[in-house]
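Dumped data.cif below, it's mmCIF, C-alpha atoms and all ligand atoms:
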data_target
#
loop_
_atom_site.label_atom_id
_atom_site.label_comp_id
_atom_site.auth_asym_id
_atom_site.auth_seq_id
_atom_site.Cartn_x
_atom_site.Cartn_y
_atom_site.Cartn_z
CA GLU A 1 -69.99 70.12 -9.80
CA ALA A 2 -68.72 66.69 -8.80
CA THR A 3 -67.34 68.14 -5.56
CA LEU A 4 -70.71 69.69 -4.71
CA ALA A 5 -72.54 66.47 -5.53
CA ARG A 6 -70.22 64.55 -3.20
CA TYR A 7 -70.80 67.18 -0.49
CA ALA A 8 -74.59 66.86 -0.77
CA ALA A 9 -74.38 63.04 -0.75
CA ARG A 10 -72.09 63.00 2.28
CA ASN A 11 -74.20 65.33 4.41
CA PRO A 12 -77.90 64.40 4.24
CA THR A 13 -78.58 65.21 7.89
CA SER A 14 -77.15 68.73 7.59
CA ALA A 15 -79.35 69.28 4.52
CA ARG A 16 -82.44 68.03 6.32
CA LEU A 17 -81.73 70.12 9.42
CA LEU A 18 -81.47 73.26 7.32
CA ASP A 19 -84.81 72.50 5.68
CA GLU A 20 -86.40 72.01 9.07
CA ALA A 21 -84.82 75.19 10.42
CA ALA A 22 -86.16 77.09 7.43
CA THR A 23 -89.70 76.51 8.66
CA ALA A 24 -88.98 78.87 11.56
CA MET A 25 -86.09 81.05 10.37
CA PRO A 26 -85.72 82.60 6.94
CA GLY A 27 -83.36 80.33 5.03
CA GLY A 28 -82.94 78.30 8.23
CA ASN A 29 -80.42 80.84 9.36
CA THR A 30 -79.85 83.19 12.25
CA ARG A 31 -76.21 84.15 11.47
CA SER A 32 -75.94 85.22 7.85
CA VAL A 33 -72.19 84.59 7.74
CA LEU A 34 -72.70 80.87 8.30
CA PHE A 35 -74.88 80.24 5.27
CA HIS A 36 -73.44 79.03 1.99
CA PRO A 37 -74.94 77.06 -0.90
CA PRO A 38 -75.97 74.33 -1.15
CA PHE A 39 -76.31 74.22 2.67
CA PRO A 40 -73.89 74.65 5.58
CA LEU A 41 -72.87 71.78 7.83
CA ALA A 42 -74.74 71.40 11.10
CA MET A 43 -72.27 70.71 13.90
CA SER A 44 -73.21 68.65 16.91
CA ARG A 45 -70.14 68.63 19.12
CA GLY A 46 -66.75 70.20 19.69
CA GLU A 47 -63.74 69.21 21.77
CA GLY A 48 -60.38 70.95 21.82
CA CYS A 49 -59.80 71.88 18.17
CA ARG A 50 -62.08 69.18 16.77
CA LEU A 51 -65.69 69.32 15.58
CA TRP A 52 -68.23 66.63 14.70
CA ASP A 53 -71.12 67.22 12.36
CA GLU A 54 -74.61 65.76 12.48
CA ASP A 55 -73.68 63.15 9.87
CA GLY A 56 -70.88 61.91 12.10
CA HIS A 57 -67.86 63.32 10.26
CA ALA A 58 -64.96 64.62 12.33
CA TYR A 59 -63.15 67.83 11.42
CA LEU A 60 -60.08 69.68 12.50
CA ASP A 61 -61.52 73.07 13.42
CA ALA A 62 -59.39 75.69 11.69
CA LEU A 63 -62.09 78.35 12.00
CA GLY A 64 -62.38 78.56 15.77
CA GLU A 65 -65.71 80.38 15.69
CA PHE A 66 -64.25 83.28 13.70
CA THR A 67 -61.69 83.87 16.53
CA ALA A 68 -64.05 83.57 19.52
CA ALA A 69 -62.98 79.96 20.22
CA LEU A 70 -59.37 80.84 21.03
CA TYR A 71 -59.49 78.48 24.01
CA GLY A 72 -60.90 75.58 21.99
CA HIS A 73 -64.24 73.95 22.63
CA SER A 74 -63.86 72.38 26.03
CA ASN A 75 -61.13 73.99 28.07
CA ALA A 76 -61.24 72.40 31.51
CA HIS A 77 -60.54 75.64 33.43
CA ILE A 78 -63.29 77.49 31.63
CA ARG A 79 -65.76 74.67 32.11
CA ALA A 80 -64.95 74.56 35.82
CA ALA A 81 -65.36 78.33 36.16
CA ILE A 82 -68.74 78.20 34.42
CA ALA A 83 -69.88 75.29 36.61
CA ASP A 84 -68.75 77.16 39.71
CA ALA A 85 -70.59 80.33 38.68
CA LEU A 86 -73.68 78.32 37.81
CA SER A 87 -73.81 76.72 41.24
CA ALA A 88 -73.89 80.18 42.83
CA GLY A 89 -76.88 81.21 40.75
CA LEU A 90 -77.61 83.09 37.56
CA ASN A 91 -79.17 86.53 37.27
CA LEU A 92 -78.11 88.07 40.55
CA SER A 93 -79.64 91.50 39.80
CA SER A 94 -76.48 93.24 40.91
CA HIS A 95 -72.86 93.87 40.18
CA THR A 96 -70.36 91.22 41.16
CA ALA A 97 -66.72 90.85 42.13
CA ARG A 98 -66.01 88.75 39.03
CA GLU A 99 -67.13 91.57 36.79
CA ALA A 100 -64.62 94.01 38.30
CA ALA A 101 -61.90 91.36 38.20
CA LEU A 102 -62.46 90.74 34.49
CA ALA A 103 -62.47 94.50 33.85
CA ARG A 104 -59.12 94.86 35.60
CA GLU A 105 -57.59 91.97 33.64
CA ILE A 106 -58.61 93.56 30.34
CA GLN A 107 -57.59 97.05 31.47
CA ARG A 108 -54.09 95.95 32.36
CA ARG A 109 -53.54 94.37 28.94
CA PHE A 110 -54.86 96.98 26.52
CA PRO A 111 -53.13 100.38 26.59
CA GLY A 112 -56.19 102.00 24.98
CA MET A 113 -58.64 100.93 27.68
CA ALA A 114 -57.90 102.96 30.80
CA LEU A 115 -61.57 102.59 31.73
CA LEU A 116 -63.99 100.18 30.12
CA ARG A 117 -67.50 98.79 30.10
CA PHE A 118 -69.05 95.52 29.00
CA ALA A 119 -71.69 94.70 26.40
CA ASN A 120 -73.07 91.55 24.79
CA SER A 121 -71.29 91.55 21.45
CA GLY A 122 -68.66 93.25 19.37
CA THR A 123 -71.43 94.90 17.38
CA GLU A 124 -72.81 96.53 20.52
CA ALA A 125 -69.34 97.56 21.67
CA ASN A 126 -68.83 99.43 18.41
CA LEU A 127 -72.20 101.15 18.61
CA LEU A 128 -71.37 102.27 22.13
CA ALA A 129 -67.89 103.49 21.19
CA LEU A 130 -69.44 105.58 18.42
CA ALA A 131 -71.95 107.00 20.90
CA VAL A 132 -69.11 107.97 23.24
CA ALA A 133 -67.12 109.59 20.44
CA LYS A 134 -70.12 111.62 19.36
CA ALA A 135 -70.98 112.69 22.89
CA HIS A 136 -67.38 113.63 23.60
CA THR A 137 -66.79 115.65 20.44
CA GLY A 138 -70.30 116.99 19.86
CA ARG A 139 -69.84 115.98 16.20
CA GLY A 140 -71.79 113.57 14.01
CA LYS A 141 -69.77 112.07 11.15
CA VAL A 142 -67.71 108.89 11.29
CA VAL A 143 -64.89 107.87 8.95
CA VAL A 144 -64.95 104.14 8.18
CA PHE A 145 -63.23 102.04 5.54
CA GLU A 146 -64.62 100.35 2.46
CA GLY A 147 -64.85 96.62 3.04
CA ALA A 148 -64.52 96.94 6.82
CA TYR A 149 -66.73 94.95 9.15
CA HIS A 150 -67.73 96.25 12.55
CA GLY A 151 -70.56 93.90 13.18
CA GLY A 152 -73.74 93.88 12.11
CA VAL A 153 -76.92 93.99 11.30
CA LEU A 154 -77.27 94.62 7.65
CA THR A 155 -74.61 94.51 5.02
CA PHE A 156 -75.63 94.51 1.42
CA GLY A 157 -73.85 92.40 -1.16
CA GLY A 158 -70.35 93.58 -0.34
CA GLY A 159 -71.42 97.23 -0.32
CA PRO A 160 -69.76 99.73 1.99
CA SER A 161 -72.11 99.29 4.91
CA PRO A 162 -70.40 98.44 8.20
CA MET A 163 -73.52 98.80 10.33
CA ASN A 164 -77.04 99.61 9.42
CA VAL A 165 -77.56 102.18 12.10
CA PRO A 166 -78.23 105.78 11.24
CA HIS A 167 -74.65 106.93 11.48
CA ASP A 168 -73.39 109.54 9.14
CA PHE A 169 -70.57 107.45 7.70
CA VAL A 170 -68.03 108.70 5.20
CA PHE A 171 -65.90 106.05 3.49
CA ALA A 172 -62.15 106.03 3.04
CA ARG A 173 -59.88 103.40 1.51
CA TYR A 174 -58.00 101.02 3.73
CA ASN A 175 -54.23 101.51 3.80
CA ASP A 176 -54.65 104.80 1.93
CA LEU A 177 -53.89 107.66 4.29
CA GLY A 178 -54.43 110.17 1.50
CA SER A 179 -58.08 109.13 1.24
CA VAL A 180 -58.52 109.86 4.96
CA GLN A 181 -56.71 113.19 4.65
CA ALA A 182 -59.05 114.18 1.83
CA LEU A 183 -62.16 113.31 3.87
CA LEU A 184 -60.88 115.23 6.86
CA ALA A 185 -60.06 118.22 4.67
CA ASP A 186 -63.70 118.23 3.54
CA HIS A 187 -65.49 117.19 6.72
CA GLY A 188 -62.94 117.56 9.56
CA PRO A 189 -64.93 119.82 11.89
CA ASP A 190 -67.94 117.48 11.65
CA VAL A 191 -66.06 114.22 12.17
CA ALA A 192 -66.43 112.59 15.60
CA ALA A 193 -64.43 109.44 14.98
CA ILE A 194 -62.29 107.32 12.73
CA LEU A 195 -63.36 103.70 13.26
CA VAL A 196 -60.77 101.22 12.01
CA GLU A 197 -59.75 97.58 12.35
CA PRO A 198 -55.96 97.38 12.83
CA MET A 199 -56.23 94.46 10.40
CA LEU A 200 -59.38 94.03 8.31
CA GLY A 201 -60.97 90.82 9.59
CA ALA A 202 -64.04 89.78 7.63
CA GLY A 203 -62.72 91.96 4.81
CA GLY A 204 -59.97 89.38 4.27
CA THR A 205 -57.44 89.57 7.15
CA ILE A 206 -55.64 92.39 5.34
CA PRO A 207 -53.14 93.97 7.75
CA GLY A 208 -53.09 97.72 8.19
CA ASP A 209 -49.61 99.07 7.47
CA PRO A 210 -48.01 100.30 10.69
CA ALA A 211 -47.39 103.66 8.99
CA PHE A 212 -51.04 103.88 7.91
CA LEU A 213 -52.27 103.19 11.45
CA ALA A 214 -49.76 105.61 12.98
CA GLY A 215 -50.82 108.16 10.36
CA LEU A 216 -54.45 107.76 11.46
CA ARG A 217 -53.36 108.46 15.02
CA ALA A 218 -51.66 111.68 13.95
CA LEU A 219 -54.58 112.81 11.75
CA ALA A 220 -57.10 112.12 14.50
CA THR A 221 -55.11 114.20 16.94
CA GLU A 222 -54.69 117.01 14.43
CA HIS A 223 -58.42 117.19 13.71
CA GLY A 224 -59.71 116.58 17.24
CA VAL A 225 -61.23 113.27 16.13
CA GLN A 226 -61.54 110.17 18.32
CA LEU A 227 -59.52 107.27 16.94
CA ILE A 228 -61.37 104.00 17.59
CA PHE A 229 -59.52 100.70 17.10
CA ASP A 230 -61.95 97.84 16.55
CA GLU A 231 -59.86 95.00 17.96
CA VAL A 232 -62.71 92.48 18.05
CA MET A 233 -60.56 90.16 15.93
CA THR A 234 -57.07 91.56 16.37
CA SER A 235 -57.14 91.51 20.19
CA ARG A 236 -55.60 88.03 19.95
CA LEU A 237 -52.48 89.15 18.05
CA SER A 238 -50.78 89.90 21.34
CA PHE A 239 -51.74 90.11 25.01
CA GLY A 240 -52.69 93.76 24.44
CA GLY A 241 -53.96 93.48 20.88
CA ARG A 242 -52.39 94.98 17.80
CA GLN A 243 -52.22 98.38 19.51
CA ALA A 244 -49.70 97.01 22.00
CA LEU A 245 -47.63 95.47 19.20
CA LEU A 246 -47.52 98.74 17.29
CA ASP A 247 -47.35 100.99 20.34
CA ILE A 248 -50.25 103.12 19.08
CA ALA A 249 -52.74 104.39 21.65
CA PRO A 250 -56.23 104.84 20.18
CA ASP A 251 -58.70 107.05 22.06
CA LEU A 252 -61.22 104.22 22.19
CA THR A 253 -60.93 100.45 21.74
CA THR A 254 -63.54 97.79 21.18
CA ALA A 255 -63.14 94.04 21.57
CA GLY A 256 -65.14 90.91 22.32
CA LYS A 257 -64.91 87.34 21.02
CA TYR A 258 -62.44 85.26 23.06
CA LEU A 259 -62.22 87.83 25.87
CA GLY A 260 -65.59 86.50 27.06
CA GLY A 261 -64.16 82.99 27.31
CA GLY A 262 -66.30 81.78 24.40
CA LEU A 263 -69.62 83.24 25.55
CA SER A 264 -71.47 86.33 24.25
CA PHE A 265 -69.33 89.34 25.00
CA GLY A 266 -68.28 92.81 23.99
CA VAL A 267 -66.14 95.44 25.66
CA PHE A 268 -65.45 99.07 24.86
CA GLY A 269 -63.03 101.35 26.63
CA GLY A 270 -60.86 104.36 26.23
CA ARG A 271 -59.07 107.26 27.83
CA ALA A 272 -60.20 107.90 31.40
CA GLU A 273 -61.50 111.40 30.79
CA VAL A 274 -63.64 110.19 27.89
CA MET A 275 -65.01 107.06 29.55
CA ALA A 276 -65.65 108.92 32.81
CA ARG A 277 -68.82 110.25 31.17
CA PHE A 278 -70.40 106.90 32.07
CA ASP A 279 -69.90 107.50 35.80
CA PRO A 280 -73.51 107.50 37.04
CA ARG A 281 -72.56 109.86 39.87
CA ARG A 282 -71.95 112.64 37.38
CA PRO A 283 -74.76 115.06 36.58
CA ASP A 284 -73.95 114.81 32.84
CA ALA A 285 -73.57 111.03 32.90
CA LEU A 286 -74.18 108.97 29.78
CA ALA A 287 -76.44 106.04 30.53
CA HIS A 288 -75.58 102.56 29.31
CA ALA A 289 -77.64 99.67 30.61
CA GLY A 290 -78.06 96.07 29.54
CA THR A 291 -79.39 93.19 31.61
CA PHE A 292 -76.70 90.81 30.42
CA ASN A 293 -73.74 93.22 30.25
CA ASN A 294 -72.32 91.48 33.31
CA ASN A 295 -73.91 88.05 32.99
CA VAL A 296 -72.28 85.79 35.49
CA LEU A 297 -71.33 82.97 33.12
CA THR A 298 -69.49 85.27 30.71
CA MET A 299 -67.72 87.09 33.53
CA ALA A 300 -66.57 83.76 34.99
CA ALA A 301 -65.52 82.27 31.63
CA GLY A 302 -63.70 85.42 30.52
CA LEU A 303 -61.87 85.73 33.82
CA ALA A 304 -60.83 82.07 33.88
CA GLY A 305 -59.55 82.34 30.32
CA LEU A 306 -57.40 85.36 31.01
CA THR A 307 -56.11 84.30 34.40
CA GLN A 308 -55.88 80.50 34.19
CA VAL A 309 -55.40 79.66 30.54
CA LEU A 310 -53.95 82.42 28.44
CA THR A 311 -50.37 83.39 29.10
CA ALA A 312 -48.52 85.91 26.95
CA GLU A 313 -46.12 83.08 26.02
CA ALA A 314 -48.93 80.78 24.87
CA LEU A 315 -50.47 83.54 22.78
CA ASP A 316 -47.16 84.49 21.19
CA ALA A 317 -46.46 80.83 20.42
CA LEU A 318 -49.88 80.48 18.76
CA ASN A 319 -49.25 83.55 16.63
CA ARG A 320 -45.82 82.25 15.62
CA ARG A 321 -47.44 78.93 14.71
CA GLY A 322 -49.90 80.86 12.54
CA ASP A 323 -47.11 82.81 10.84
CA ALA A 324 -45.30 79.56 10.04
CA LEU A 325 -48.47 77.90 8.75
CA ARG A 326 -49.30 80.85 6.49
CA GLU A 327 -45.79 80.79 5.03
CA ARG A 328 -46.09 77.08 4.43
CA LEU A 329 -49.48 77.33 2.71
CA ASN A 330 -48.22 80.18 0.56
CA ALA A 331 -45.13 78.14 -0.35
CA THR A 332 -47.42 75.33 -1.52
CA LEU A 333 -49.34 77.77 -3.71
CA ALA A 334 -46.11 79.17 -5.14
CA ASP A 335 -44.69 75.67 -5.77
CA GLN A 336 -47.84 74.63 -7.58
CA ALA A 337 -47.92 77.92 -9.52
CA VAL A 338 -51.47 78.63 -8.33
CA ASP A 339 -52.51 82.29 -8.38
CA MET A 340 -53.76 82.36 -4.82
CA GLN A 341 -52.36 83.55 -1.50
CA PHE A 342 -53.10 83.75 2.18
CA THR A 343 -52.88 87.17 3.82
CA GLY A 344 -53.01 87.78 7.55
CA LEU A 345 -51.04 88.11 10.73
CA GLY A 346 -50.25 85.56 13.44
CA SER A 347 -53.02 83.06 14.03
CA LEU A 348 -55.38 84.72 11.49
CA MET A 349 -55.30 84.22 7.72
CA THR A 350 -57.55 84.27 4.68
CA LEU A 351 -57.22 82.71 1.24
CA HIS A 352 -57.56 85.01 -1.76
CA ALA A 353 -57.82 84.04 -5.41
CA THR A 354 -55.03 86.33 -6.55
CA ALA A 355 -51.27 86.36 -6.23
CA ARG A 356 -51.06 90.14 -6.61
CA PRO A 357 -50.46 92.25 -3.50
CA VAL A 358 -53.65 92.78 -1.46
CA ARG A 359 -53.69 96.01 0.51
CA SER A 360 -57.41 96.76 0.49
CA PRO A 361 -60.62 94.93 -0.46
CA ALA A 362 -60.63 96.84 -3.75
CA ASP A 363 -57.62 94.72 -4.76
CA LEU A 364 -59.88 91.64 -4.58
CA ALA A 365 -62.43 92.93 -7.07
CA GLY A 366 -63.00 90.43 -9.86
CA THR A 367 -61.07 87.58 -8.25
CA ASP A 368 -62.39 84.07 -8.73
CA GLY A 369 -64.73 83.08 -5.91
CA ARG A 370 -65.18 79.63 -7.41
CA ALA A 371 -61.52 78.74 -6.95
CA LYS A 372 -61.88 79.53 -3.25
CA ASP A 373 -65.06 77.46 -3.05
CA LEU A 374 -63.25 74.54 -4.54
CA VAL A 375 -60.53 74.75 -1.89
CA PHE A 376 -63.18 75.04 0.83
CA PHE A 377 -65.10 71.92 -0.27
CA ALA A 378 -61.91 69.99 -1.03
CA LEU A 379 -60.65 70.69 2.51
CA LEU A 380 -63.96 69.62 4.04
CA GLU A 381 -63.59 66.29 2.22
CA ARG A 382 -60.16 66.02 3.80
CA GLY A 383 -61.48 66.72 7.30
CA ILE A 384 -60.53 70.40 7.62
CA PHE A 385 -63.15 72.96 8.61
CA MET A 386 -62.50 76.57 7.70
CA ALA A 387 -64.74 79.51 6.73
CA ARG A 388 -66.31 79.41 3.30
CA ARG A 389 -64.81 82.82 2.64
CA GLY A 390 -61.36 81.31 3.20
CA MET A 391 -60.66 82.40 6.74
CA ILE A 392 -58.61 80.42 9.25
CA ALA A 393 -58.33 81.34 12.95
CA LEU A 394 -56.18 78.96 14.97
CA SER A 395 -57.06 78.12 18.56
CA LEU A 396 -54.72 77.32 21.44
CA PRO A 397 -55.27 73.54 21.14
CA PHE A 398 -54.37 73.74 17.41
CA GLY A 399 -50.75 72.63 17.71
CA ASP A 400 -47.88 71.81 15.38
CA ALA A 401 -49.29 68.36 14.57
CA GLU A 402 -52.63 69.90 13.54
CA CYS A 403 -50.79 72.48 11.41
CA ASP A 404 -48.97 69.59 9.69
CA THR A 405 -52.28 67.85 9.00
CA LEU A 406 -53.81 71.03 7.62
CA ALA A 407 -50.79 71.82 5.43
CA ALA A 408 -50.75 68.25 4.01
CA ALA A 409 -54.49 68.34 3.28
CA PHE A 410 -54.10 71.72 1.61
CA GLU A 411 -51.26 70.52 -0.57
CA ASP A 412 -53.24 67.43 -1.57
CA ALA A 413 -56.32 69.54 -2.35
CA ILE A 414 -54.29 71.98 -4.45
CA ARG A 415 -52.48 69.18 -6.35
CA THR A 416 -55.77 67.38 -7.02
CA HIS A 417 -57.70 70.43 -8.20
CA ARG A 418 -54.95 72.60 -9.65
CA ASP A 419 -56.33 72.40 -13.12
N1 LIG A 501 -65.84 93.96 14.67
C1 LIG A 501 -65.08 93.08 14.03
C2 LIG A 501 -63.73 93.50 13.53
C3 LIG A 501 -65.51 91.76 13.87
O1 LIG A 501 -64.75 90.88 13.21
C4 LIG A 501 -66.76 91.39 14.40
C5 LIG A 501 -67.27 90.00 14.27
O2 LIG A 501 -66.78 89.19 13.53
C6 LIG A 501 -67.53 92.35 15.06
C7 LIG A 501 -67.03 93.62 15.17
C8 LIG A 501 -68.87 92.01 15.62
O3 LIG A 501 -68.77 91.24 16.77
P1 LIG A 501 -70.01 90.35 17.21
O4 LIG A 501 -70.17 89.28 16.19
O5 LIG A 501 -69.63 89.83 18.56
O6 LIG A 501 -71.20 91.26 17.28
#

Would you mind writing the file out in C-alpha cells?
Ligand code: PLP
Amino acid sequence: EATLARYAARNPTSARLLDEAATAMPGGNTRSVLFHPPFPLAMSRGEGCRLWDEDGHAYLDALGEFTAALYGHSNAHIRAAIADALSAGLNLSSHTAREAALAREIQRRFPGMALLRFANSGTEANLLALAVAKAHTGRGKVVVFEGAYHGGVLTFGGGPSPMNVPHDFVFARYNDLGSVQALLADHGPDVAAILVEPMLGAGGTIPGDPAFLAGLRALATEHGVQLIFDEVMTSRLSFGGRQALLDIAPDLTTAGKYLGGGLSFGVFGGRAEVMARFDPRRPDALAHAGTFNNNVLTMAAGLAGLTQVLTAEALDALNRRGDALRERLNATLADQAVDMQFTGLGSLMTLHATARPVRSPADLAGTDGRAKDLVFFALLERGIFMARRGMIALSLPFGDAECDTLAAAFEDAIRTHRD
C-alpha cells in the first residue's frame, strides 16, 4: 500500500499521460504487456542501458525492451547506419542489397535457417512458419505448450492461447516429453508442426531441458512433423541461438527482436527444400508479401548490429555476465531465506515467488504475485527498471558495474521488505 502510494506520488506525469492516452486507446494502451496497475511509467528517453521517465527519474534499464534492445538505446554504429539509409531514401519499391546482406548474416549464424524470409514481427514470423509447415505436410494440427508465448494477438488471463488465429492447436506440457508422445499417439497423422520455445520466454524464462528438446527432434522426425523452434527470445543465447548451443537442428526457426537492430522485425527460415516453396519462379510457389518486410531502416540497423557491433565474444560475455548475476541474485534470496528464485539462461532471467523447482508454468500456479509486485516497485524506487512480471534481459551496455548496482539494489529491496 505505502509502496504504491509512493509510486503514484512520484510519477504524476506518467499517470496524466496514461489518462490522456486513454481518450484514444482503450486503457491508454497499445501493447498489453506494458500495462500494470496503477499505471505504467511513460519513458521519454534512452541512452545505452539507461532510461529517463517523463517525471525526470533515471533508471538502469534491466528490461532492454523484452530482449529487442540488445544493443542498448543509442548504439553509434546503428544510428549511423540508419542515418545513412535514411539519406538514400525510404520506400524504394524494390529489393535491395542490404536485405540480401542481412539475410546472409542471419543464415550463416543459425543452423536451422538454410533459407529465410523477413517479416515485421516475431508474431508474423510464427504465423508464417506455421503456414509453411502446414503447406509442406498437408496436415492441420499444431502441438504447442501450455504457458508458451508465440506472439500475439489475444491471450486470455493466462489461458493456453498462444495466438488467436484459427489454428488447430493441441496443448502439451513443457519439459514433459510424455505429454507430447501421448498427443502424437492420438493425433500424429494430422499434426503439421510442434512449435516450441527452446526456453519459455514470457512464460517465465524456464529453460527447456536439452533432453526434452532433443526428444522433440526425434519425435518430430518419427511422425513426419515439422519441428519449429521459436527463437524470438533465445536467439541471443549464442551467435546461432539456443539451437547452436544444443546442436539441435529444427526444421523451421523463427526469430526477430534484436536481429532487426532494434526496429520492427521478424524472420522465419528452415531447411532449403521446405523454404524453396516461396521461390516465386515455381509454379506451386507460396506467396508471402508485405510492404515493410524489407524496410530499409530495419535492414540497415539489423545489418549494422550483426556486422559492426555484435561479436560472438561480446555475446558470450554478456551471457556469462547474466549467469553470474542470476547466481548472485539467487544467493541473496537464499541468504535472506526468501522463498523466491530467478530462473533463466545467460542474459535472460525471471523472478518467481517460489523456491521449488520450476520446470513448467504449471509449477507457478498459486504463487504469490504480490511478492513479485513488491520487488518490482521497490526496485523502481531504487532506480532499476525491469518487467512487472519479473523479467530481466541484459543489454550489451549493461556491464559489470551495472550488475553490481542492480545486485545491491535487489539486496536492499529484499532486506527492507523481507517481512
Ligand atoms: N515469440 C516469442 C518467444 C516472444 O517472446 C515474442 C515476443 O515477446 C514473440 C514471439 C512475438 O514477437 P513480436 O512481439 O515481435 O511480435

Per-residue nearest contacts of chain A to ligand LIG 501 (chain A) (9 Å; all atoms listed in the file) as a tab-separated table:
residue	atom	partner	partner_atom	distance
A:Phe66	CA	A:LIG501	O2	6.4
A:Thr67	CA	A:LIG501	O2	8.0
A:Ala68	CA	A:LIG501	O5	8.4
A:Asn120	CA	A:LIG501	O5	7.3
A:Ser121	CA	A:LIG501	O5	3.8
A:Gly122	CA	A:LIG501	O3	3.3
A:Thr123	CA	A:LIG501	O6	3.6
A:Glu124	CA	A:LIG501	O6	6.4
A:Ala125	CA	A:LIG501	O6	7.9
A:Asn126	CA	A:LIG501	C7	6.9
A:Ala148	CA	A:LIG501	C2	7.6
A:Tyr149	CA	A:LIG501	C1	5.5
A:His150	CA	A:LIG501	N1	3.6
A:Gly151	CA	A:LIG501	C8	3.5
A:Gly152	CA	A:LIG501	C8	6.3
A:Val153	CA	A:LIG501	O6	8.7
A:Val196	CA	A:LIG501	C2	8.4
A:Glu197	CA	A:LIG501	C2	5.8
A:Pro198	CA	A:LIG501	C2	8.7
A:Met199	CA	A:LIG501	C2	8.2
A:Leu200	CA	A:LIG501	C2	6.8
A:Gly201	CA	A:LIG501	O1	5.2
A:Ala202	CA	A:LIG501	O1	5.7
A:Gly203	CA	A:LIG501	O1	8.7
A:Asp230	CA	A:LIG501	C2	5.6
A:Glu231	CA	A:LIG501	C2	6.1
A:Val232	CA	A:LIG501	C1	4.7
A:Met233	CA	A:LIG501	O1	5.0
A:Thr234	CA	A:LIG501	C2	7.5
A:Thr254	CA	A:LIG501	N1	7.9
A:Ala255	CA	A:LIG501	N1	7.4
A:Gly256	CA	A:LIG501	O5	6.0
A:Lys257	CA	A:LIG501	O5	5.9
A:Ser264	CA	A:LIG501	O5	6.9
A:Phe265	CA	A:LIG501	O5	6.5
A:Gly266	CA	A:LIG501	O5	6.3

Extract, using all atoms listed in the file, all DNA, RNA and protein residues at most 9 Å from A:Gly322, discarding same-chain residues fewer than 5 positions from it, and format them as a short mmCIF file (atom, residue, chain, number, x, y, z; two decimals) with C-alpha atoms, in the frame of the given file.
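New file selection16.cif:
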data_model
loop_
_atom_site.label_atom_id
_atom_site.label_comp_id
_atom_site.auth_asym_id
_atom_site.auth_seq_id
_atom_site.Cartn_x
_atom_site.Cartn_y
_atom_site.Cartn_z
CA ALA A 317 -46.46 80.83 20.42
CA GLU A 327 -45.79 80.79 5.03
CA LEU A 345 -51.04 88.11 10.73
CA GLY A 346 -50.25 85.56 13.44
CA SER A 347 -53.02 83.06 14.03
CA LEU A 348 -55.38 84.72 11.49
CA MET A 349 -55.30 84.22 7.72
CA ALA A 393 -58.33 81.34 12.95
CA LEU A 394 -56.18 78.96 14.97
CA CYS A 403 -50.79 72.48 11.41
#

Quiz item: In Å, how far is it from atom CA of A:Ser360 to atom CA of A:Arg217?
Solution: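 Rounded to one decimal, the two atoms are 19.1 Å apart.
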
Self-check item: Distance query A:Val142 at most 6 Å, only C-alpha atoms, self and fewer than 6 positions along chain excluded, as a count of residues only
Solution: 5

Exercise. Can you pull out every residue within 9 Å of A:Thr298, counting all atoms listed in the file, but drop anything in the same chain fewer than 2 positions away, and send it as a list in words?
Key: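 Non-adjacent residues within range: Ile82, Gly260, Gly261, Gly262, Leu263, Ser264, Phe265, Asn294, Asn295, Val296, Ala300, Ala301, Gly302 and Leu303 of chain A.
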
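Across the structure, atom CA of A:Arg16 and atom CA of A:Ser32 are spaced 18.4 Å apart.
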
Using only C-alpha atoms - which residues lie no farther than 10 Å from the point (-63.3, 65.5, 4.7) in the file's frame? Write them as a PDB file with C-alpha atoms, keeping the file's coordinate frame.
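To be explicit, this is the file written out as point22.pdb:
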ATOM      1  CA  TYR A   7     -70.800  67.180  -0.490  1.00  0.00           C
ATOM      2  CA  ARG A  10     -72.090  63.000   2.280  1.00  0.00           C
ATOM      3  CA  HIS A  57     -67.860  63.320  10.260  1.00  0.00           C
ATOM      4  CA  ALA A  58     -64.960  64.620  12.330  1.00  0.00           C
ATOM      5  CA  TYR A  59     -63.150  67.830  11.420  1.00  0.00           C
ATOM      6  CA  LEU A  60     -60.080  69.680  12.500  1.00  0.00           C
ATOM      7  CA  PHE A 377     -65.100  71.920  -0.270  1.00  0.00           C
ATOM      8  CA  ALA A 378     -61.910  69.990  -1.030  1.00  0.00           C
ATOM      9  CA  LEU A 379     -60.650  70.690   2.510  1.00  0.00           C
ATOM     10  CA  LEU A 380     -63.960  69.620   4.040  1.00  0.00           C
ATOM     11  CA  GLU A 381     -63.590  66.290   2.220  1.00  0.00           C
ATOM     12  CA  ARG A 382     -60.160  66.020   3.800  1.00  0.00           C
ATOM     13  CA  GLY A 383     -61.480  66.720   7.300  1.00  0.00           C
ATOM     14  CA  ILE A 384     -60.530  70.400   7.620  1.00  0.00           C
ATOM     15  CA  PHE A 385     -63.150  72.960   8.610  1.00  0.00           C
ATOM     16  CA  ALA A 409     -54.490  68.340   3.280  1.00  0.00           C
TER      17      ALA A 409
END

Quiz item: Can you list, as a PyMOL selection string, every protein, DNA or RNA residue that comes within 8 Å of A:Phe410 when you count only C-alpha atoms, leaving out same-chain residues fewer than 4 positions away?
Solution: chain A and resi 329+375+379+406+414

Quiz prompt | Residue contacts of A:Ala289 (12 Å, only C-alpha atoms) excluding same-chain residues fewer than 3 positions away, as a list of chain:residue names | solution =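 Surrounding residues, per the criterion: A:Arg117, A:Phe118, A:Ala119, A:Asn120, A:Glu124, A:Leu128, A:Phe278, A:Pro280, A:Leu286, A:Phe292, A:Asn293, A:Asn294.
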
Quiz item: How many Å separate atom CA of A:Gly240 from atom CA of A:Gly112?
Solution: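 Atom CA of A:Gly112 lies 9.0 Å from atom CA of A:Gly240.
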
Quiz item: Between A:Phe342, A:Phe268, A:Phe398, A:Phe376, which one has atoms that come closest to A:Gln107, using all atoms listed in the file?
Solution: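 Of the candidates, the smallest distance to A:Gln107 is held by A:Phe268.
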
Exercise. Name the residues, using the chain letters and numbers of the file, that sit within 12 Å of (-62.3, 74.1, 17.7) when counting all atoms listed in the file, and give them as an MDAnalysis selection string.
Key: chainID A and resid 43 45:52 58:75 262 384:386 392:399 402
